[in-house]
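Trainee: Please find one structure pasted underneath; my questions will follow.
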Amino acid sequence: MLNFLRRPKPRTTPSSIGEDVRVYAIGDIHGRLDLFDQLMDMIAQDEAARPPLPRLLILLGDLIDRGPHSAQMIDRAIALARSSANVRFLKGNHEEVFVAAARGSAPNAAAFRRIGGAETLKSYGLPTQECAAMDEDELAQWMLSHVPRGHVDFADDFEDMAIVGDYLFVHAGIRPRVRLEAQASADLHWIRGDFLKYGGDHGRMVIHGHSITDDVDERSNRIGIDTGAWRSGKLTAIGLQGTERWFLQTRTPLIRKKASHPMDSRPFQKP
């Protein structure tokens with residue numbers, strides 16, 4: 001008799017982060033340090049209104065590109081890491097390409113520029129017109145010479161995923177029906193369609209960014225919190241305690257309008 005593959009059913013019991021910790025996870029920041037500072041103030045106010053509990057802060061990746069303050073955002077993240085052990089940083093596809101480009105890969109320097117890296121390099125001191133005029137080899141050499149190695153190493157050390165209680169935190173998503181220990185980094189940083197369309201149980205509730213939606217994308221098996229902060233002015237955090245969940249969002253005027261980047265759906269070329 002043939003054994004047919006059945007789609008796992010969604011969870012029937014509420015997911016819990018645990019009762020001994022309060023978690024805040026923040027979606028894709030993309031160089032909007034102004035929004036990150038606002039959201040951190042909102043988190044502090046939210047915490048002050050709740051009973052004291054240890055806090056874990058998780059940043060879901062894509063701290064850089066597109067927005068105006070990527071270098072400054074990495075500085076802020078480094079300061080956070082030094083001031084508290086209760087913060088975790090997950091690697092996004094933009095960090096992946098940034099690290100490869102800044103370590104001298106010309107093809108990845110070209111890809112980095114196409115997915116919003118020109119704004120990042122401007123924050124490191126490279127004027128936009130000069131960036132556009134460089135070929136990929138010149139761009140890679142500029143990054144080798146001008147992007148602080150501490151920033152590159154810090155971004156490269158970001159984790160691929162974090163597990164807390166019944167929740168899995170990851171930048172893009174996971175490959176359905178594949179064990180967590182067998183997941184490929186490329187999927188964790190880049191996946192969209194197969195993950196977003198899957199309605200079965202992943203074993204844990206997945207909190208992710210990467211795929212922009214107008215508001216929180218809350219499903220039975222996943223919650224997407226990338227609300228396009230770099231262009232919408234709306235940076236989102238999810239708060240979790242026990243089986244409770246809530247959301248915090250900034251709301252500011254648009255910084256600019258820009259077409260989506262087609263390279264965002266493609267894995268980078270390994271150096």
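Just remember, in the structure tokens the first chain shown is A, the second B, etc., residues are 1-based per chain, and ligands are 1-based in the order shown.
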Pick out the residues sitting within 10 Å of A:Val178, and hand them over as a list in words; count only C-alpha atoms, and ignore anything fewer than 5 positions along from it in its own chain.

Mentor: Gln183, Ala184 and His202 of chain A

Trainee: Near A:Gly228, counting only C-alpha atoms, which residues have an atom at most 12 Å away, once you skip same-chain residues fewer than 5 positions from it, shown as a PyMOL selection string?

Mentor: chain A and resi 27-32+35+62+66-67+209-216+233-236+249-251+254-258+260

Trainee: Limited to N, CA, C and O atoms, could you put the picked residues into a file as a compact mmCIF listing (two decimals), in the first residue's frame?

Mentor:
```txt
# COMPACT_ATOMS: atom_id res chain seq x y z
N GLY A 27 11.15 43.74 12.93
CA GLY A 27 11.28 43.42 11.51
C GLY A 27 12.36 44.21 10.82
O GLY A 27 13.15 44.92 11.45
N ASP A 28 12.40 44.14 9.50
CA ASP A 28 13.47 44.70 8.68
C ASP A 28 13.57 46.22 8.86
O ASP A 28 12.62 46.96 8.59
N ILE A 29 14.74 46.68 9.27
CA ILE A 29 14.97 48.09 9.59
C ILE A 29 15.46 48.87 8.36
O ILE A 29 15.05 50.01 8.13
N HIS A 30 16.33 48.27 7.59
CA HIS A 30 16.82 48.85 6.34
C HIS A 30 17.30 50.30 6.48
O HIS A 30 16.84 51.20 5.77
N GLY A 31 18.22 50.51 7.40
CA GLY A 31 18.86 51.81 7.49
C GLY A 31 18.01 52.91 8.07
O GLY A 31 18.42 54.08 8.05
N ARG A 32 16.85 52.60 8.62
CA ARG A 32 15.98 53.63 9.22
C ARG A 32 16.26 53.70 10.72
O ARG A 32 15.45 53.28 11.56
N LEU A 35 13.55 55.34 12.83
CA LEU A 35 12.41 54.51 13.21
C LEU A 35 12.79 53.51 14.29
O LEU A 35 12.00 53.21 15.19
N ASP A 62 18.36 42.30 7.97
CA ASP A 62 18.22 43.43 7.06
C ASP A 62 18.23 44.75 7.84
O ASP A 62 17.33 45.58 7.70
N ARG A 66 19.01 50.55 1.51
CA ARG A 66 17.80 51.29 1.14
C ARG A 66 17.59 52.57 1.94
O ARG A 66 17.35 53.62 1.38
N GLY A 67 17.60 52.50 3.25
CA GLY A 67 17.44 53.68 4.08
C GLY A 67 18.74 54.45 4.21
O GLY A 67 19.80 54.00 3.77
N GLY A 209 10.64 38.17 8.72
CA GLY A 209 10.57 39.42 7.98
C GLY A 209 10.68 39.14 6.51
O GLY A 209 10.04 38.22 6.00
N HIS A 210 11.46 39.95 5.76
CA HIS A 210 11.86 39.71 4.38
C HIS A 210 10.79 40.02 3.34
O HIS A 210 11.09 40.63 2.32
N SER A 211 9.58 39.55 3.54
CA SER A 211 8.50 39.73 2.55
C SER A 211 7.59 40.85 3.03
O SER A 211 6.85 40.70 4.01
N ILE A 212 7.62 41.97 2.30
CA ILE A 212 6.90 43.17 2.73
C ILE A 212 5.40 43.01 2.57
O ILE A 212 4.90 42.57 1.54
N THR A 213 4.67 43.38 3.61
CA THR A 213 3.22 43.48 3.56
C THR A 213 2.80 44.82 4.16
O THR A 213 3.56 45.43 4.91
N ASP A 214 1.60 45.29 3.81
CA ASP A 214 1.15 46.59 4.29
C ASP A 214 1.02 46.62 5.80
O ASP A 214 1.21 47.66 6.43
N ASP A 215 0.65 45.48 6.37
CA ASP A 215 0.53 45.38 7.82
C ASP A 215 1.00 43.99 8.24
O ASP A 215 1.44 43.20 7.39
N VAL A 216 0.91 43.68 9.50
CA VAL A 216 1.34 42.37 10.00
C VAL A 216 0.62 41.27 9.23
O VAL A 216 -0.60 41.33 9.02
N GLY A 233 7.64 54.07 6.46
CA GLY A 233 7.74 54.72 7.76
C GLY A 233 7.16 53.88 8.89
O GLY A 233 7.10 54.33 10.03
N LYS A 234 6.77 52.64 8.59
CA LYS A 234 6.15 51.77 9.58
C LYS A 234 7.09 50.61 9.91
O LYS A 234 7.23 49.67 9.13
N LEU A 235 7.75 50.71 11.05
CA LEU A 235 8.61 49.63 11.54
C LEU A 235 7.84 48.89 12.62
O LEU A 235 7.28 49.51 13.53
N THR A 236 7.82 47.57 12.53
CA THR A 236 6.96 46.75 13.38
C THR A 236 7.76 45.87 14.31
O THR A 236 8.78 45.29 13.94
N GLN A 249 4.11 49.58 16.43
CA GLN A 249 4.50 50.10 15.12
C GLN A 249 4.77 51.59 15.19
O GLN A 249 4.05 52.33 15.87
N THR A 250 5.79 52.01 14.45
CA THR A 250 6.01 53.45 14.25
C THR A 250 5.13 53.90 13.10
O THR A 250 4.75 53.11 12.24
N ARG A 251 4.84 55.17 13.07
CA ARG A 251 4.08 55.74 11.94
C ARG A 251 4.62 57.13 11.67
O ARG A 251 4.37 58.06 12.40
N LEU A 254 6.47 59.00 4.73
CA LEU A 254 7.34 58.25 3.85
C LEU A 254 8.66 58.97 3.67
O LEU A 254 8.70 60.19 3.54
N ILE A 255 9.75 58.21 3.61
CA ILE A 255 11.04 58.83 3.36
C ILE A 255 11.26 59.03 1.87
O ILE A 255 11.87 59.98 1.43
N ARG A 256 10.74 58.10 1.05
CA ARG A 256 10.88 58.21 -0.39
C ARG A 256 10.09 57.09 -1.02
O ARG A 256 9.65 56.16 -0.37
N LYS A 257 9.90 57.15 -2.33
CA LYS A 257 9.26 56.08 -3.07
C LYS A 257 10.26 55.51 -4.05
O LYS A 257 10.99 56.24 -4.71
N LYS A 258 10.26 54.19 -4.17
CA LYS A 258 11.22 53.55 -5.06
C LYS A 258 10.68 52.19 -5.47
O LYS A 258 10.03 51.51 -4.67
N SER A 260 10.51 48.25 -6.30
CA SER A 260 11.11 47.12 -5.61
C SER A 260 12.34 46.64 -6.37
O SER A 260 12.47 46.86 -7.57
```

Trainee: Give me, as a compact mmCIF listing (two decimals) with C-alpha atoms, in the first residue's frame, all polymer residues having an atom no more than 7 Å from stretch 194-199 of chain A, counting only C-alpha atoms and skipping those fewer than 4 positions away in the same chain.

Mentor:
```txt
# COMPACT_ATOMS: atom_id res chain seq x y z
CA GLY A 173 11.42 31.70 6.45
CA ILE A 174 12.14 27.98 6.27
CA ARG A 175 11.83 25.25 3.67
CA PRO A 176 8.57 23.39 4.46
CA ASN A 221 1.72 28.84 11.10
```

Trainee: Near stretch 51-57 of chain A, within 8 Å and counting only C-alpha atoms, which residues show up once chain neighbours fewer than 4 positions away are dropped, as JSON, numbers by chain?

Mentor: {"A": [20, 21, 22, 23, 24, 25, 26, 47, 86, 87, 88]}

Trainee: Could you write those residues out with N, CA and C atoms, as a PDB file, in the first residue's frame?

Mentor:
```pdb
ATOM      1  N   ASP A  20       8.766  32.883  31.641  1.00  0.00           N
ATOM      2  CA  ASP A  20       9.897  33.483  32.354  1.00  0.00           C
ATOM      3  C   ASP A  20      10.641  34.525  31.528  1.00  0.00           C
ATOM      4  N   VAL A  21      10.085  34.927  30.392  1.00  0.00           N
ATOM      5  CA  VAL A  21      10.757  35.901  29.538  1.00  0.00           C
ATOM      6  C   VAL A  21       9.717  36.664  28.720  1.00  0.00           C
ATOM      7  N   ARG A  22      10.041  37.894  28.398  1.00  0.00           N
ATOM      8  CA  ARG A  22       9.234  38.689  27.469  1.00  0.00           C
ATOM      9  C   ARG A  22      10.107  38.970  26.248  1.00  0.00           C
ATOM     10  N   VAL A  23       9.600  38.654  25.078  1.00  0.00           N
ATOM     11  CA  VAL A  23      10.380  38.794  23.847  1.00  0.00           C
ATOM     12  C   VAL A  23       9.785  39.890  22.978  1.00  0.00           C
ATOM     13  N   TYR A  24      10.660  40.727  22.441  1.00  0.00           N
ATOM     14  CA  TYR A  24      10.284  41.678  21.398  1.00  0.00           C
ATOM     15  C   TYR A  24      11.141  41.363  20.172  1.00  0.00           C
ATOM     16  N   ALA A  25      10.499  41.138  19.042  1.00  0.00           N
ATOM     17  CA  ALA A  25      11.220  40.907  17.794  1.00  0.00           C
ATOM     18  C   ALA A  25      10.882  42.037  16.823  1.00  0.00           C
ATOM     19  N   ILE A  26      11.895  42.558  16.152  1.00  0.00           N
ATOM     20  CA  ILE A  26      11.747  43.714  15.267  1.00  0.00           C
ATOM     21  C   ILE A  26      12.018  43.304  13.831  1.00  0.00           C
ATOM     22  N   GLU A  47       7.074  48.084  28.076  1.00  0.00           N
ATOM     23  CA  GLU A  47       7.601  47.304  29.206  1.00  0.00           C
ATOM     24  C   GLU A  47       7.253  47.934  30.545  1.00  0.00           C
ATOM     25  N   ASN A  86      21.129  40.182  26.325  1.00  0.00           N
ATOM     26  CA  ASN A  86      19.765  39.778  25.992  1.00  0.00           C
ATOM     27  C   ASN A  86      19.297  40.376  24.681  1.00  0.00           C
ATOM     28  N   VAL A  87      20.154  40.293  23.662  1.00  0.00           N
ATOM     29  CA  VAL A  87      19.778  40.739  22.320  1.00  0.00           C
ATOM     30  C   VAL A  87      20.396  39.775  21.326  1.00  0.00           C
ATOM     31  N   ARG A  88      19.612  39.377  20.322  1.00  0.00           N
ATOM     32  CA  ARG A  88      20.093  38.452  19.303  1.00  0.00           C
ATOM     33  C   ARG A  88      19.839  39.054  17.927  1.00  0.00           C
TER      34      ARG A  88
END
```

Trainee: Could you name the residues that touch A:Lys122 at 10 Å or less, counting only C-alpha atoms, but leaving out those on the same chain fewer than 4 positions away, as a ChimeraX atom specification?

Mentor: /A:65,68-71,117-118,126-131

Trainee: Output all heavy atoms of each residue in that selection to a file, as a compact mmCIF listing (two decimals), in the first residue's frame.

Mentor:
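Contents of again18.txt, freshly written:
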```txt
# COMPACT_ATOMS: atom_id res chain seq x y z
N ASP A 65 20.87 48.85 4.11
CA ASP A 65 20.45 49.07 2.72
C ASP A 65 19.14 49.85 2.63
O ASP A 65 18.29 49.80 3.50
CB ASP A 65 20.32 47.77 1.93
CG ASP A 65 21.65 47.04 1.76
OD1 ASP A 65 22.69 47.66 2.05
OD2 ASP A 65 21.64 45.88 1.33
N PRO A 68 18.72 55.63 4.85
CA PRO A 68 19.86 56.53 4.82
C PRO A 68 20.95 56.29 5.87
O PRO A 68 22.02 56.89 5.77
CB PRO A 68 19.22 57.90 5.04
CG PRO A 68 18.02 57.62 5.89
CD PRO A 68 17.51 56.29 5.42
N HIS A 69 20.71 55.45 6.88
CA HIS A 69 21.64 55.40 8.01
C HIS A 69 22.10 53.98 8.34
O HIS A 69 22.08 53.56 9.50
CB HIS A 69 20.99 56.04 9.24
CG HIS A 69 20.58 57.46 9.05
ND1 HIS A 69 19.29 57.90 9.21
CD2 HIS A 69 21.31 58.54 8.66
CE1 HIS A 69 19.23 59.20 8.96
NE2 HIS A 69 20.44 59.61 8.60
N SER A 70 22.55 53.25 7.33
CA SER A 70 22.96 51.86 7.56
C SER A 70 24.20 51.77 8.44
O SER A 70 24.24 50.96 9.38
CB SER A 70 23.22 51.17 6.22
OG SER A 70 22.01 50.95 5.53
N ALA A 71 25.24 52.55 8.15
CA ALA A 71 26.46 52.51 8.96
C ALA A 71 26.14 52.86 10.41
O ALA A 71 26.63 52.21 11.35
CB ALA A 71 27.50 53.46 8.40
N GLY A 117 22.33 48.85 -1.86
CA GLY A 117 23.61 49.07 -1.22
C GLY A 117 24.20 50.45 -1.47
O GLY A 117 25.05 50.91 -0.70
N ALA A 118 23.75 51.13 -2.54
CA ALA A 118 24.27 52.47 -2.80
C ALA A 118 23.97 53.40 -1.62
O ALA A 118 24.80 54.24 -1.25
CB ALA A 118 23.68 53.03 -4.09
N LEU A 126 30.60 57.28 0.51
CA LEU A 126 30.73 57.22 -0.95
C LEU A 126 29.55 57.94 -1.59
O LEU A 126 28.41 57.48 -1.50
CB LEU A 126 30.77 55.77 -1.43
CG LEU A 126 30.92 55.57 -2.95
CD1 LEU A 126 32.22 56.16 -3.46
CD2 LEU A 126 30.80 54.08 -3.31
N PRO A 127 29.79 59.07 -2.28
CA PRO A 127 28.69 59.78 -2.93
C PRO A 127 27.96 58.91 -3.94
O PRO A 127 28.57 58.06 -4.60
CB PRO A 127 29.40 60.96 -3.60
CG PRO A 127 30.66 61.15 -2.82
CD PRO A 127 31.08 59.77 -2.41
N THR A 128 26.68 59.14 -4.09
CA THR A 128 25.84 58.31 -4.94
C THR A 128 26.32 58.29 -6.38
O THR A 128 26.37 57.23 -7.03
CB THR A 128 24.38 58.80 -4.89
OG1 THR A 128 23.93 58.78 -3.53
CG2 THR A 128 23.48 57.91 -5.72
N GLN A 129 26.70 59.43 -6.93
CA GLN A 129 27.14 59.48 -8.32
C GLN A 129 28.44 58.72 -8.51
O GLN A 129 28.63 58.03 -9.53
CB GLN A 129 27.31 60.93 -8.78
CG GLN A 129 25.98 61.67 -8.94
CD GLN A 129 26.17 63.07 -9.51
OE1 GLN A 129 27.23 63.66 -9.40
NE2 GLN A 129 25.11 63.60 -10.11
N GLU A 130 29.35 58.81 -7.57
CA GLU A 130 30.60 58.06 -7.67
C GLU A 130 30.34 56.57 -7.59
O GLU A 130 30.96 55.77 -8.32
CB GLU A 130 31.57 58.48 -6.57
CG GLU A 130 32.15 59.88 -6.74
CD GLU A 130 33.21 60.18 -5.69
OE1 GLU A 130 33.88 59.23 -5.23
OE2 GLU A 130 33.34 61.36 -5.31
N CYS A 131 29.43 56.19 -6.74
CA CYS A 131 29.06 54.77 -6.61
C CYS A 131 28.53 54.24 -7.94
O CYS A 131 28.90 53.16 -8.39
CB CYS A 131 28.03 54.60 -5.50
SG CYS A 131 27.47 52.89 -5.25
```

Trainee: Which residue is closest to A:Asp135? Choose from A:Gly239, A:Gly18, A:Pro107, A:Gly224 and count only C-alpha atoms.

Mentor: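 Residue with the minimum atom-to-atom distance to A:Asp135: A:Pro107.
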
Trainee: Residues at most 6 Å from stretch 89-103 of chain A, counting only C-alpha atoms, excluding those fewer than 6 positions away in the same chain, as a PyMOL selection string?

Mentor: chain A and resi 58-62+109+112+140+143-144+152+158-160+171+189-190

Trainee: So how many Å separate atom CA of A:Ala106 and atom CA of A:Ala186, to one decimal?

Mentor: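 Atom CA of A:Ala186 lies 19.5 Å from atom CA of A:Ala106.
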
Trainee: Calculated over only C-alpha atoms, which of the candidates A:Ser15, A:Ser232, A:Gln241, A:Gln72 has the smallest distance to A:Pro148?

Mentor: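 Ranking A:Ser15, A:Ser232, A:Gln241, A:Gln72 by distance to A:Pro148, first place goes to A:Gln72.
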
Trainee: Could you pull out the residues in stretch 49-142 of chain A that DSSP calls helix (DSSP H, G or I) from the backbone, as a PyMOL selection string?

Mentor: chain A and resi 70-83+93-102+106-123+128-133+136-142

Trainee: Run DSSP on the backbone of this structure and report the residues of stretch 86-250 of chain A it assigns to strand (DSSP E), as number ranges by chain.

Mentor: A: 87-89, 161-164, 167-170, 205-208, 217-218, 222-224, 236-241, 244-249

Trainee: Take the residues from that selection and put them in a file with N, CA and C atoms, as a JSON list (two decimals), in the first residue's frame.

Mentor:
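Contents of the output file again_7.json:
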```
[["chain", "number", "residue", "atom", "x", "y", "z"],
["A", 87, "VAL", "N", 20.15, 40.29, 23.66],
["A", 87, "VAL", "CA", 19.78, 40.74, 22.32],
["A", 87, "VAL", "C", 20.40, 39.77, 21.33],
["A", 88, "ARG", "N", 19.61, 39.38, 20.32],
["A", 88, "ARG", "CA", 20.09, 38.45, 19.30],
["A", 88, "ARG", "C", 19.84, 39.05, 17.93],
["A", 89, "PHE", "N", 20.80, 38.86, 17.04],
["A", 89, "PHE", "CA", 20.74, 39.41, 15.69],
["A", 89, "PHE", "C", 20.69, 38.27, 14.69],
["A", 161, "MET", "N", 19.00, 31.60, 12.84],
["A", 161, "MET", "CA", 17.67, 31.44, 13.44],
["A", 161, "MET", "C", 17.80, 31.46, 14.96],
["A", 162, "ALA", "N", 16.67, 31.65, 15.61],
["A", 162, "ALA", "CA", 16.61, 31.60, 17.07],
["A", 162, "ALA", "C", 15.32, 30.88, 17.47],
["A", 163, "ILE", "N", 15.42, 30.02, 18.47],
["A", 163, "ILE", "CA", 14.26, 29.29, 18.97],
["A", 163, "ILE", "C", 14.03, 29.68, 20.42],
["A", 164, "VAL", "N", 12.80, 30.11, 20.72],
["A", 164, "VAL", "CA", 12.41, 30.44, 22.09],
["A", 164, "VAL", "C", 11.02, 29.86, 22.31],
["A", 167, "TYR", "N", 8.30, 29.18, 19.53],
["A", 167, "TYR", "CA", 8.50, 30.12, 18.42],
["A", 167, "TYR", "C", 9.87, 29.92, 17.77],
["A", 168, "LEU", "N", 9.88, 30.06, 16.45],
["A", 168, "LEU", "CA", 11.10, 30.08, 15.67],
["A", 168, "LEU", "C", 11.21, 31.44, 15.00],
["A", 169, "PHE", "N", 12.34, 32.10, 15.19],
["A", 169, "PHE", "CA", 12.59, 33.41, 14.61],
["A", 169, "PHE", "C", 13.62, 33.26, 13.50],
["A", 170, "VAL", "N", 13.33, 33.82, 12.33],
["A", 170, "VAL", "CA", 14.21, 33.69, 11.18],
["A", 170, "VAL", "C", 13.97, 34.87, 10.26],
["A", 205, "MET", "N", 5.69, 28.12, 15.70],
["A", 205, "MET", "CA", 5.21, 29.33, 15.05],
["A", 205, "MET", "C", 6.41, 30.12, 14.56],
["A", 206, "VAL", "N", 6.43, 30.45, 13.28],
["A", 206, "VAL", "CA", 7.58, 31.12, 12.68],
["A", 206, "VAL", "C", 7.33, 32.64, 12.64],
["A", 207, "ILE", "N", 8.26, 33.40, 13.21],
["A", 207, "ILE", "CA", 8.23, 34.86, 13.13],
["A", 207, "ILE", "C", 9.31, 35.26, 12.13],
["A", 208, "HIS", "N", 8.92, 36.02, 11.10],
["A", 208, "HIS", "CA", 9.85, 36.32, 10.02],
["A", 208, "HIS", "C", 9.65, 37.73, 9.48],
["A", 217, "ASP", "N", 1.36, 40.26, 8.82],
["A", 217, "ASP", "CA", 0.81, 39.13, 8.07],
["A", 217, "ASP", "C", 0.72, 37.93, 9.02],
["A", 218, "GLU", "N", -0.42, 37.81, 9.68],
["A", 218, "GLU", "CA", -0.58, 36.81, 10.74],
["A", 218, "GLU", "C", -1.35, 35.60, 10.21],
["A", 222, "ARG", "N", 2.64, 31.08, 10.79],
["A", 222, "ARG", "CA", 3.72, 32.06, 10.69],
["A", 222, "ARG", "C", 3.16, 33.47, 10.89],
["A", 223, "ILE", "N", 4.07, 34.39, 11.25],
["A", 223, "ILE", "CA", 3.70, 35.80, 11.39],
["A", 223, "ILE", "C", 4.80, 36.63, 10.74],
["A", 224, "GLY", "N", 4.45, 37.36, 9.69],
["A", 224, "GLY", "CA", 5.39, 38.23, 8.99],
["A", 224, "GLY", "C", 5.29, 39.65, 9.51],
["A", 236, "THR", "N", 7.82, 47.57, 12.53],
["A", 236, "THR", "CA", 6.96, 46.75, 13.38],
["A", 236, "THR", "C", 7.76, 45.87, 14.31],
["A", 237, "ALA", "N", 7.26, 45.75, 15.55],
["A", 237, "ALA", "CA", 7.78, 44.78, 16.51],
["A", 237, "ALA", "C", 6.62, 43.92, 17.00],
["A", 238, "ILE", "N", 6.91, 42.66, 17.27],
["A", 238, "ILE", "CA", 5.94, 41.79, 17.93],
["A", 238, "ILE", "C", 6.42, 41.58, 19.36],
["A", 239, "GLY", "N", 5.49, 41.67, 20.30],
["A", 239, "GLY", "CA", 5.76, 41.38, 21.70],
["A", 239, "GLY", "C", 5.16, 40.04, 22.07],
["A", 240, "LEU", "N", 5.89, 39.25, 22.85],
["A", 240, "LEU", "CA", 5.44, 37.91, 23.21],
["A", 240, "LEU", "C", 5.70, 37.66, 24.69],
["A", 241, "GLN", "N", 4.69, 37.11, 25.36],
["A", 241, "GLN", "CA", 4.83, 36.71, 26.77],
["A", 241, "GLN", "C", 3.82, 35.61, 27.03],
["A", 244, "GLU", "N", 0.48, 35.16, 25.07],
["A", 244, "GLU", "CA", 0.01, 36.47, 24.61],
["A", 244, "GLU", "C", 0.94, 37.01, 23.54],
["A", 245, "ARG", "N", 0.37, 37.71, 22.54],
["A", 245, "ARG", "CA", 1.18, 38.42, 21.56],
["A", 245, "ARG", "C", 0.52, 39.76, 21.23],
["A", 246, "TRP", "N", 1.35, 40.75, 20.94],
["A", 246, "TRP", "CA", 0.86, 42.08, 20.60],
["A", 246, "TRP", "C", 1.88, 42.72, 19.66],
["A", 247, "PHE", "N", 1.50, 43.86, 19.08],
["A", 247, "PHE", "CA", 2.35, 44.50, 18.08],
["A", 247, "PHE", "C", 2.52, 45.99, 18.38],
["A", 248, "LEU", "N", 3.71, 46.48, 18.08],
["A", 248, "LEU", "CA", 4.04, 47.90, 18.20],
["A", 248, "LEU", "C", 4.53, 48.37, 16.84],
["A", 249, "GLN", "N", 4.11, 49.58, 16.43],
["A", 249, "GLN", "CA", 4.50, 50.10, 15.12],
["A", 249, "GLN", "C", 4.77, 51.59, 15.19]]
```

Trainee: In Å, rounded to a single decimal, give me how far atom CA of A:Arg76 is from atom CA of A:Asp34.

Mentor: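 Computing it gives 11.2 Å between the two atoms.
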